[in-house]
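Everything below concerns the one structure shown next.
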Amino acid sequence: MSDEPIRVLLADDHPVYRDGLAALLASIPGIAVAGTAANGLEAVELAAELQPDIVVMDVTMPELDGIEATRRVVADSPHIGVVMLTMSEEDATLFAAMRAGARGYLLKGANQAEIVRAIQAVSHGEAIFGPAIARRVTEFFTAPPPSDDTAFPQLTPREREILALIAAGRSNPQIASELFLSPKTVRNNVSNIFAKLHVADRTEAIIRARDAGLAR
């Protein structure tokens, strides 16, 4: 284990929060505040100049947002670990940060122990998320695939049922028999399906349905 402190660059456009966090981290043994940035562009420039171990990055900042700043920092210096510390709980922001290269994601309501633990963990090559964020990441990756009723919301339940049978290779008479419908009712529903999906024929409808996982 190295005796060198973990050098941290703080990037946040709110001076009260940024200065308060800097003072807090400076009081923690094993952590040194290498610098502070008031916007995303400054964060990128200081990361390149100071080469910290960790950048603690806000998401919403002037000049350059934290997502793009993270992407540039990681592209220029892959060894730098980025921990997002933000008010944003939106899934889109979380996954955009991950794709940009962030290895940690905490909400600004995190306490001192959580922030310090995230900095230490990411400096050792780990990825870490706050408890609420970790649950959402887990739920995202373990969620079942969308059910059939979420495909083609413009269709009625009966039209989705008929489309599923079309995708399974059933003819109109077979569909009529299976669903106890008149041939005319099936024909009308099929015409409605083609119109709503903007497809020209049965083959195109089958492709669309199977791509959406609608085939039985």
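Naming works like this for the structure tokens: A, B, ... for the chains as they're shown, residue 1 at the start of each chain, ligands 1 onward in shown order.
Proximity to Ala75 of chain A at 12 Å, evaluated using only C-alpha atoms and with sequence-adjacent residues fewer than 3 positions away removed, yields Val44, Ala47, Ala48, Glu68, Ala69, Thr70, Arg71, Arg72, Pro78, His79, Ile80, Gly81, Val82, Arg99, Ala100, Gly101 and Ala102 of chain A.
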Non-local contacts of Tyr105 of chain A (12 Å; only C-alpha atoms; under 2 positions in same chain excluded) as a PyMOL selection string:
chain A and resi 55-59+66-67+81-91+93-98+101-103+107-110+114-115+117-119+121-122+126-134+136-137
Can you tell me which residues surround segment 18-29 of chain A at a distance of at most 8 Å, considering only C-alpha atoms, apart from same-chain residues fewer than 6 positions away, and format the answer as number ranges by chain?
A: 5, 10-12, 36, 112, 116
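Across the model, the gap from atom CA of Ala43 of chain A to atom CA of Gly30 of chain A is 22.1 Å.
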Counting only C-alpha atoms, what is within 7 Å of Ala209 of chain A, bar same-chain residues fewer than 3 positions away, as a PyMOL selection string?
chain A and resi 163-164+167+205-206+212-215
Dump of N, CA and C atoms for the selected residues, as a PDB file, in the first residue's frame:
```pdb
ATOM      1  N   LEU A 163     -51.943  -9.686 -34.354  1.00  0.00           N
ATOM      2  CA  LEU A 163     -50.602  -9.511 -34.908  1.00  0.00           C
ATOM      3  C   LEU A 163     -49.668 -10.620 -34.431  1.00  0.00           C
ATOM      4  N   ALA A 164     -49.790 -11.021 -33.183  1.00  0.00           N
ATOM      5  CA  ALA A 164     -48.959 -12.108 -32.668  1.00  0.00           C
ATOM      6  C   ALA A 164     -49.226 -13.404 -33.434  1.00  0.00           C
ATOM      7  N   ALA A 167     -47.659 -13.127 -36.841  1.00  0.00           N
ATOM      8  CA  ALA A 167     -46.218 -13.353 -36.736  1.00  0.00           C
ATOM      9  C   ALA A 167     -45.894 -14.821 -36.536  1.00  0.00           C
ATOM     10  N   ALA A 205     -45.374  -6.873 -41.829  1.00  0.00           N
ATOM     11  CA  ALA A 205     -45.967  -6.902 -40.484  1.00  0.00           C
ATOM     12  C   ALA A 205     -45.324  -7.998 -39.638  1.00  0.00           C
ATOM     13  N   ILE A 206     -45.067  -9.145 -40.250  1.00  0.00           N
ATOM     14  CA  ILE A 206     -44.443 -10.259 -39.528  1.00  0.00           C
ATOM     15  C   ILE A 206     -43.046  -9.870 -39.056  1.00  0.00           C
ATOM     16  N   ALA A 212     -40.052  -7.181 -32.518  1.00  0.00           N
ATOM     17  CA  ALA A 212     -40.512  -6.682 -31.217  1.00  0.00           C
ATOM     18  C   ALA A 212     -40.752  -7.806 -30.224  1.00  0.00           C
ATOM     19  N   GLY A 213     -40.495  -9.050 -30.641  1.00  0.00           N
ATOM     20  CA  GLY A 213     -40.700 -10.186 -29.741  1.00  0.00           C
ATOM     21  C   GLY A 213     -42.151 -10.532 -29.526  1.00  0.00           C
ATOM     22  N   LEU A 214     -43.004 -10.187 -30.482  1.00  0.00           N
ATOM     23  CA  LEU A 214     -44.438 -10.370 -30.285  1.00  0.00           C
ATOM     24  C   LEU A 214     -44.927 -11.751 -30.729  1.00  0.00           C
ATOM     25  N   ALA A 215     -44.121 -12.461 -31.506  1.00  0.00           N
ATOM     26  CA  ALA A 215     -44.578 -13.761 -32.016  1.00  0.00           C
ATOM     27  C   ALA A 215     -44.768 -14.755 -30.891  1.00  0.00           C
TER      28      ALA A 215
END
```
